[in-house]
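S.K.: Before I ask anything, let me first share the structure, which is written out below as structure tokens.
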Amino acid sequence: MMISFDNPVWWFVAAAAVPLLVHLVARTRPKERRFSSVVLLQELVRLQSRHARPKDIILLVLRTLLCLCLALAFLLPYYGGSREGEGGRALVLVLDDTASMGAADGQLVRMNAALSAAQSIVQNLAPNDRFNLATLAGYSHFIFDKPESARPLILRELARTQSRAAAAGDVRETLTAALTQVRNLPEEVQGQVLLISDFQTSGMKTALDALEIRDGELCCVNVAQTTAVENTSVAAMHMTPAKPLPGQKVTLRVELRHYQGAAPRRGTVPLNVSLSAGNVRLSHPCELSCGSNSVVQFELVAPETPGDWLLSAGIEPDSYSGDNVRHLVVPVADKLDCVTIAADRAHLGFMQRALENTPFLRTLHLPAIPENGADFVVWHAPGADDVAAIQRRLAAGETVLIVPDMQKDAALTPLLKGEQGYLSGETRTDGESWQVSKGDINDDSFSLFDENALAQELQKAGMYSRLGADIQKLLPPSAKVLLSYRDSVPALVRVPMGCSNLLIWNMPVTARYSRLGFSPMFLPLLAEQLLHARSGTNDSELIAGRDFLLFELPLGVDPSTVRLLAEDGSELPVKSYAAQLQSEQPAMPGVYRWVAGDTVLHTVAVNFPATESDLQTFTPSVNAPVMEARAATDNSAFTGRIPLWPWLLALAFLFFLVELLICHRPVVKKNHISS
């Protein structure tokens, strides 16, 4: 250990000689003149000077020491720390720059506090110490592969770092990589990972709790001033159906969420939700209960022209306004894609012909399920091996209609119950048929039909094949029986599954076992059931700061003519991969357009990450010390150095007080008798 200086301006110490120079220069020898009347005064001066000379010396010493302490304080001396030639220290800074760091606790923005602490620590480490820096927003990345002696580069990188409206990347992976760098240092080098964050519960708690930390490897700096910040956000937007036809009536659901602050309160938060949908402007007042969710619903009509339909919902700005606006791009299509799966298209009989003649459908028959998605999947007699594929399609938001094997079905039991099993079919051979009627559920899918006319058409179409009554035991409580046989066996069922709906068509589709296909109501009945079974879940949202913008080039479009434009009209760089374009950087929240000339080819919306709206924090329970941002600027915790300049300033002030006491001390007068 030794005393060292951060400021190399040594010549400043010369200021300590100023009192001595003033003392020497100020001493003058006046010209002597003798007067008889001043003999007695000279004797008094001689006696007084014997008492004043020690006082002058003391004042000279005090003033010299005062100037010396001030001069040394400006040199920023410290005690301890590593010396040149020793192994030094290695510090890996992991800086949280996610969206929650842009929140303000009172007047202080969390990101500003984090940068101030990081810069102070880096500036006060020894010249031979090593550094590395990683950020957490979006894709986590390190400046170097290992800690390097590059203080100016780290400071420059910190100066241009700011909070980004993105969720945290893989926090556990980043911290594991940082700890690996520390553990691989030479033995003579003391390393440590410094995590500077607000420790948002939703973004970090799970990852930190799963880490295995050794003593002294990790230090946490908490820049959050409060345990929670009150916030209101537009959490999600859903449209039903997700892909409407031109002019179709749709329902938009806007989900609002309120997060409690450090001092939870009761009551409601008044809000006004504004909606922009093309040329339509709507607003809807509501009251959101504190700490809860609420949904505002808008009834709209899709544009008459096919294309991308941009909708934006917003609320009044608050202290954390990044999540107060949300966008949704809805594709309006003139036709929807339908894939029929059957070993032979004849197996789907009149249903295949009806699907091919439905005006808004683009129907393609395939013997097996394709990799590409579709809006509707009509599957004839799937087996147990097809259940996983059906579940994937439902999870992707596709509507699946199953026409089961009327002899022995092996798919419905594992699909609805999650266990192996079979359903036995029934076939009428007595010349009689089963009659189908409207179910007990008053569903919108029948709104276009006259109830009596529909009942007569269903009565004419006798059914000679079906699954038996055991199908009723498989149905979950959420299932809706739309059509049923008169003996209560379900004939048409809609079951919400995954992100969409499953339709179970327990009626024959060939003319051999039913004449329903000859009814003029069959095609509209099938079309309405498909349309009303469509999901309200759009394509999965892009994760801000992580996902890249992708665009499949249409046939005949030159990729060199396609540009990617942001909301402000600025152009973003893109890469070309065969028939696909991709942005070079991950997308941040906003609306982006792929254009060719003046034509908009595709619109994409990237929203504020919902996980960053909850500004609740936690105290890490890992094996690491936790300190506040202000305490982090005391670098003795990271550098092993104790700053001495505060003590020097205190000594200078003490010398000044002693001087004042000596100068203002009252003079004791003594009487002298001379002969």
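Residues are named by chain letter and number: chains run A, B, ... in the order of the structure tokens, numbers start at 1 in each chain, and ligands are numbered from 1 in the order shown.
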Find the spatial neighbours of A:Pro496, counting only C-alpha atoms, within a cut-off of 7 Å - ignore same-chain residues fewer than 4 positions away - and output them as a list in words.

M.R.: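 Listed by chain and then number, they are Ser478, Ala479, Ser500, Asn501 and Leu502 of chain A.
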
S.K.: My list of candidates is A:Asn231, A:Asp450, A:Gln200, A:Gln407. Which is closest to A:Ser321 when distances are computed with only C-alpha atoms?

M.R.: A:Asn231

S.K.: State, in Å with one decimal place, the distance from atom CA of A:Tyr79 to atom CA of A:Met627.

M.R.: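 Computed distance, atom CA of A:Tyr79 to atom CA of A:Met627, equals 22.3 Å.
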
S.K.: Might you pull out every residue within 9 Å of A:Pro285, with only C-alpha atoms counted and same-chain residues fewer than 2 positions away left off, and present them as a PyMOL selection string?

M.R.: chain A and resi 270-274+283+287+296

S.K.: Please report the interatomic distance between atom CA of A:Glu304 and atom CA of A:Lys335 in Å with one decimal.

M.R.: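 Value for the atom CA of A:Glu304-atom CA of A:Lys335 distance: 12.9 Å.
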
S.K.: Would you pick out the contacts of A:Cys219 at 8 Å or less, using only C-alpha atoms, so that residues sharing its chain but fewer than 4 positions from it are not included, and give the list as a PyMOL selection string?

M.R.: chain A and resi 192-195+624-626

S.K.: Just the residues within 8 Å of stretch 589-596 of chain A, please, counting only C-alpha atoms, with nothing from its chain fewer than 4 positions along; format it as JSON, numbers by chain.

M.R.: {"A": [165, 166, 327, 544, 551, 561, 562, 563, 564, 565, 566, 567, 600, 601, 602, 603, 604, 605, 606, 607, 608]}

S.K.: Print the selection's residues with all heavy atoms to a file, as a short mmCIF file (atom, residue, chain, number, x, y, z; two decimals), in the first residue's frame.

M.R.:
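Below is the file part25.cif, written as the result:
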```
data_model
loop_
_atom_site.label_atom_id
_atom_site.label_comp_id
_atom_site.auth_asym_id
_atom_site.auth_seq_id
_atom_site.Cartn_x
_atom_site.Cartn_y
_atom_site.Cartn_z
N ALA A 165 -35.78 1.66 -25.59
CA ALA A 165 -37.13 1.11 -25.38
C ALA A 165 -37.16 -0.35 -25.81
O ALA A 165 -37.82 -0.73 -26.77
CB ALA A 165 -38.16 1.92 -26.17
N ALA A 166 -36.40 -1.17 -25.10
CA ALA A 166 -36.30 -2.58 -25.42
C ALA A 166 -36.27 -3.39 -24.13
O ALA A 166 -35.90 -2.88 -23.07
CB ALA A 166 -35.04 -2.86 -26.25
N HIS A 327 -49.52 0.18 -31.33
CA HIS A 327 -49.93 0.08 -32.73
C HIS A 327 -50.28 -1.36 -33.07
O HIS A 327 -49.76 -2.31 -32.47
CB HIS A 327 -48.81 0.56 -33.66
CG HIS A 327 -48.28 1.92 -33.34
ND1 HIS A 327 -48.99 3.07 -33.61
CD2 HIS A 327 -47.13 2.31 -32.76
CE1 HIS A 327 -48.28 4.12 -33.22
NE2 HIS A 327 -47.15 3.68 -32.70
N ALA A 544 -38.97 -5.74 -29.23
CA ALA A 544 -38.18 -4.54 -29.51
C ALA A 544 -36.74 -4.74 -29.05
O ALA A 544 -36.48 -5.18 -27.94
CB ALA A 544 -38.79 -3.33 -28.80
N PHE A 551 -38.98 -9.20 -44.64
CA PHE A 551 -39.97 -8.96 -45.69
C PHE A 551 -39.73 -9.94 -46.82
O PHE A 551 -38.62 -10.00 -47.38
CB PHE A 551 -39.88 -7.52 -46.19
CG PHE A 551 -40.82 -7.20 -47.32
CD1 PHE A 551 -42.19 -7.29 -47.14
CD2 PHE A 551 -40.34 -6.83 -48.56
CE1 PHE A 551 -43.06 -7.02 -48.18
CE2 PHE A 551 -41.20 -6.54 -49.60
CZ PHE A 551 -42.57 -6.63 -49.41
N THR A 561 -34.92 -1.99 -55.41
CA THR A 561 -35.86 -0.86 -55.41
C THR A 561 -36.65 -0.75 -54.11
O THR A 561 -37.41 0.20 -53.94
CB THR A 561 -36.85 -1.01 -56.57
OG1 THR A 561 -37.63 -2.20 -56.38
CG2 THR A 561 -36.10 -1.10 -57.90
N VAL A 562 -36.49 -1.71 -53.20
CA VAL A 562 -37.28 -1.74 -51.95
C VAL A 562 -36.49 -1.05 -50.85
O VAL A 562 -35.30 -1.32 -50.64
CB VAL A 562 -37.62 -3.18 -51.56
CG1 VAL A 562 -38.42 -3.20 -50.26
CG2 VAL A 562 -38.40 -3.87 -52.66
N ARG A 563 -37.17 -0.16 -50.13
CA ARG A 563 -36.55 0.56 -49.02
C ARG A 563 -37.37 0.34 -47.75
O ARG A 563 -38.57 0.06 -47.81
CB ARG A 563 -36.48 2.06 -49.32
CG ARG A 563 -35.63 2.44 -50.52
CD ARG A 563 -35.72 3.94 -50.77
NE ARG A 563 -37.09 4.34 -51.05
CZ ARG A 563 -37.58 5.57 -50.82
NH1 ARG A 563 -36.82 6.49 -50.24
NH2 ARG A 563 -38.82 5.86 -51.12
N LEU A 564 -36.70 0.48 -46.62
CA LEU A 564 -37.34 0.38 -45.31
C LEU A 564 -37.33 1.75 -44.67
O LEU A 564 -36.27 2.32 -44.41
CB LEU A 564 -36.62 -0.64 -44.42
CG LEU A 564 -37.14 -0.79 -42.99
CD1 LEU A 564 -38.59 -1.23 -42.98
CD2 LEU A 564 -36.27 -1.77 -42.21
N LEU A 565 -38.53 2.30 -44.41
CA LEU A 565 -38.66 3.65 -43.88
C LEU A 565 -39.25 3.62 -42.47
O LEU A 565 -40.17 2.85 -42.19
CB LEU A 565 -39.56 4.50 -44.78
CG LEU A 565 -39.13 4.65 -46.24
CD1 LEU A 565 -40.12 5.53 -47.00
CD2 LEU A 565 -37.73 5.22 -46.34
N ALA A 566 -38.70 4.47 -41.60
CA ALA A 566 -39.23 4.64 -40.24
C ALA A 566 -40.36 5.66 -40.25
O ALA A 566 -40.70 6.24 -41.30
CB ALA A 566 -38.12 5.05 -39.29
N GLU A 567 -40.94 5.92 -39.08
CA GLU A 567 -42.07 6.85 -38.98
C GLU A 567 -41.69 8.26 -39.43
O GLU A 567 -42.49 8.97 -40.04
CB GLU A 567 -42.58 6.89 -37.54
CG GLU A 567 -43.41 5.71 -37.14
CD GLU A 567 -43.98 5.85 -35.75
OE1 GLU A 567 -45.09 6.40 -35.62
OE2 GLU A 567 -43.33 5.42 -34.78
N VAL A 600 -46.49 1.44 -51.02
CA VAL A 600 -46.23 0.79 -49.74
C VAL A 600 -46.53 -0.69 -49.90
O VAL A 600 -47.67 -1.09 -50.14
CB VAL A 600 -47.08 1.40 -48.61
CG1 VAL A 600 -46.83 0.67 -47.30
CG2 VAL A 600 -46.78 2.88 -48.46
N LEU A 601 -45.50 -1.52 -49.75
CA LEU A 601 -45.65 -2.96 -49.92
C LEU A 601 -46.12 -3.65 -48.64
O LEU A 601 -46.90 -4.60 -48.68
CB LEU A 601 -44.33 -3.59 -50.37
CG LEU A 601 -43.73 -3.04 -51.67
CD1 LEU A 601 -42.39 -3.69 -51.94
CD2 LEU A 601 -44.69 -3.28 -52.83
N HIS A 602 -45.64 -3.17 -47.51
CA HIS A 602 -45.97 -3.83 -46.24
C HIS A 602 -45.70 -2.87 -45.09
O HIS A 602 -44.77 -2.06 -45.15
CB HIS A 602 -45.14 -5.10 -46.07
CG HIS A 602 -45.50 -5.91 -44.86
ND1 HIS A 602 -46.80 -6.22 -44.52
CD2 HIS A 602 -44.71 -6.46 -43.89
CE1 HIS A 602 -46.80 -6.94 -43.41
NE2 HIS A 602 -45.56 -7.09 -43.00
N THR A 603 -46.53 -2.94 -44.06
CA THR A 603 -46.39 -2.10 -42.87
C THR A 603 -46.18 -3.00 -41.66
O THR A 603 -46.86 -4.03 -41.51
CB THR A 603 -47.63 -1.23 -42.65
OG1 THR A 603 -47.87 -0.45 -43.83
CG2 THR A 603 -47.45 -0.29 -41.48
N VAL A 604 -45.24 -2.61 -40.81
CA VAL A 604 -44.90 -3.39 -39.62
C VAL A 604 -44.94 -2.47 -38.40
O VAL A 604 -44.46 -1.33 -38.47
CB VAL A 604 -43.50 -4.03 -39.73
CG1 VAL A 604 -43.21 -4.90 -38.52
CG2 VAL A 604 -43.39 -4.85 -41.00
N ALA A 605 -45.51 -2.96 -37.31
CA ALA A 605 -45.55 -2.21 -36.05
C ALA A 605 -44.72 -2.93 -35.01
O ALA A 605 -44.88 -4.14 -34.81
CB ALA A 605 -46.98 -2.03 -35.56
N VAL A 606 -43.83 -2.20 -34.36
CA VAL A 606 -43.05 -2.72 -33.24
C VAL A 606 -43.43 -1.91 -32.01
O VAL A 606 -43.31 -0.68 -32.02
CB VAL A 606 -41.53 -2.61 -33.51
CG1 VAL A 606 -40.74 -3.20 -32.34
CG2 VAL A 606 -41.17 -3.32 -34.80
N ASN A 607 -43.90 -2.58 -30.98
CA ASN A 607 -44.44 -1.90 -29.81
C ASN A 607 -43.48 -1.94 -28.63
O ASN A 607 -42.55 -2.75 -28.58
CB ASN A 607 -45.78 -2.53 -29.40
CG ASN A 607 -46.89 -2.18 -30.37
OD1 ASN A 607 -47.15 -1.01 -30.63
ND2 ASN A 607 -47.55 -3.19 -30.91
N PHE A 608 -43.73 -1.05 -27.69
CA PHE A 608 -42.99 -1.00 -26.44
C PHE A 608 -43.14 -2.34 -25.72
O PHE A 608 -44.25 -2.88 -25.63
CB PHE A 608 -43.55 0.12 -25.57
CG PHE A 608 -42.77 0.40 -24.31
CD1 PHE A 608 -41.78 1.35 -24.30
CD2 PHE A 608 -43.05 -0.28 -23.14
CE1 PHE A 608 -41.06 1.62 -23.14
CE2 PHE A 608 -42.34 -0.03 -21.98
CZ PHE A 608 -41.35 0.93 -21.98
#
```

S.K.: Hey, which of A:Val229, A:Val61, A:Leu75, A:Leu288 ends up closest to A:Met101? Count only C-alpha atoms.

M.R.: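 Looking at the shortest contact to A:Met101, the residue is A:Val229.
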
S.K.: I need the residues in stretch 274-443 of chain A that are strand (DSSP E) according to DSSP; give them as a ChimeraX atom specification.

M.R.: /A:274-277,280-289,293-301,307-314,325-332,336-341,361-366,376-380,399-403,408-409,423-427,436-438

S.K.: How far is it from atom CA of A:Val221 to atom CA of A:Thr135, in Å with one decimal?

M.R.: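 Interatomic distance here is 14.5 Å.
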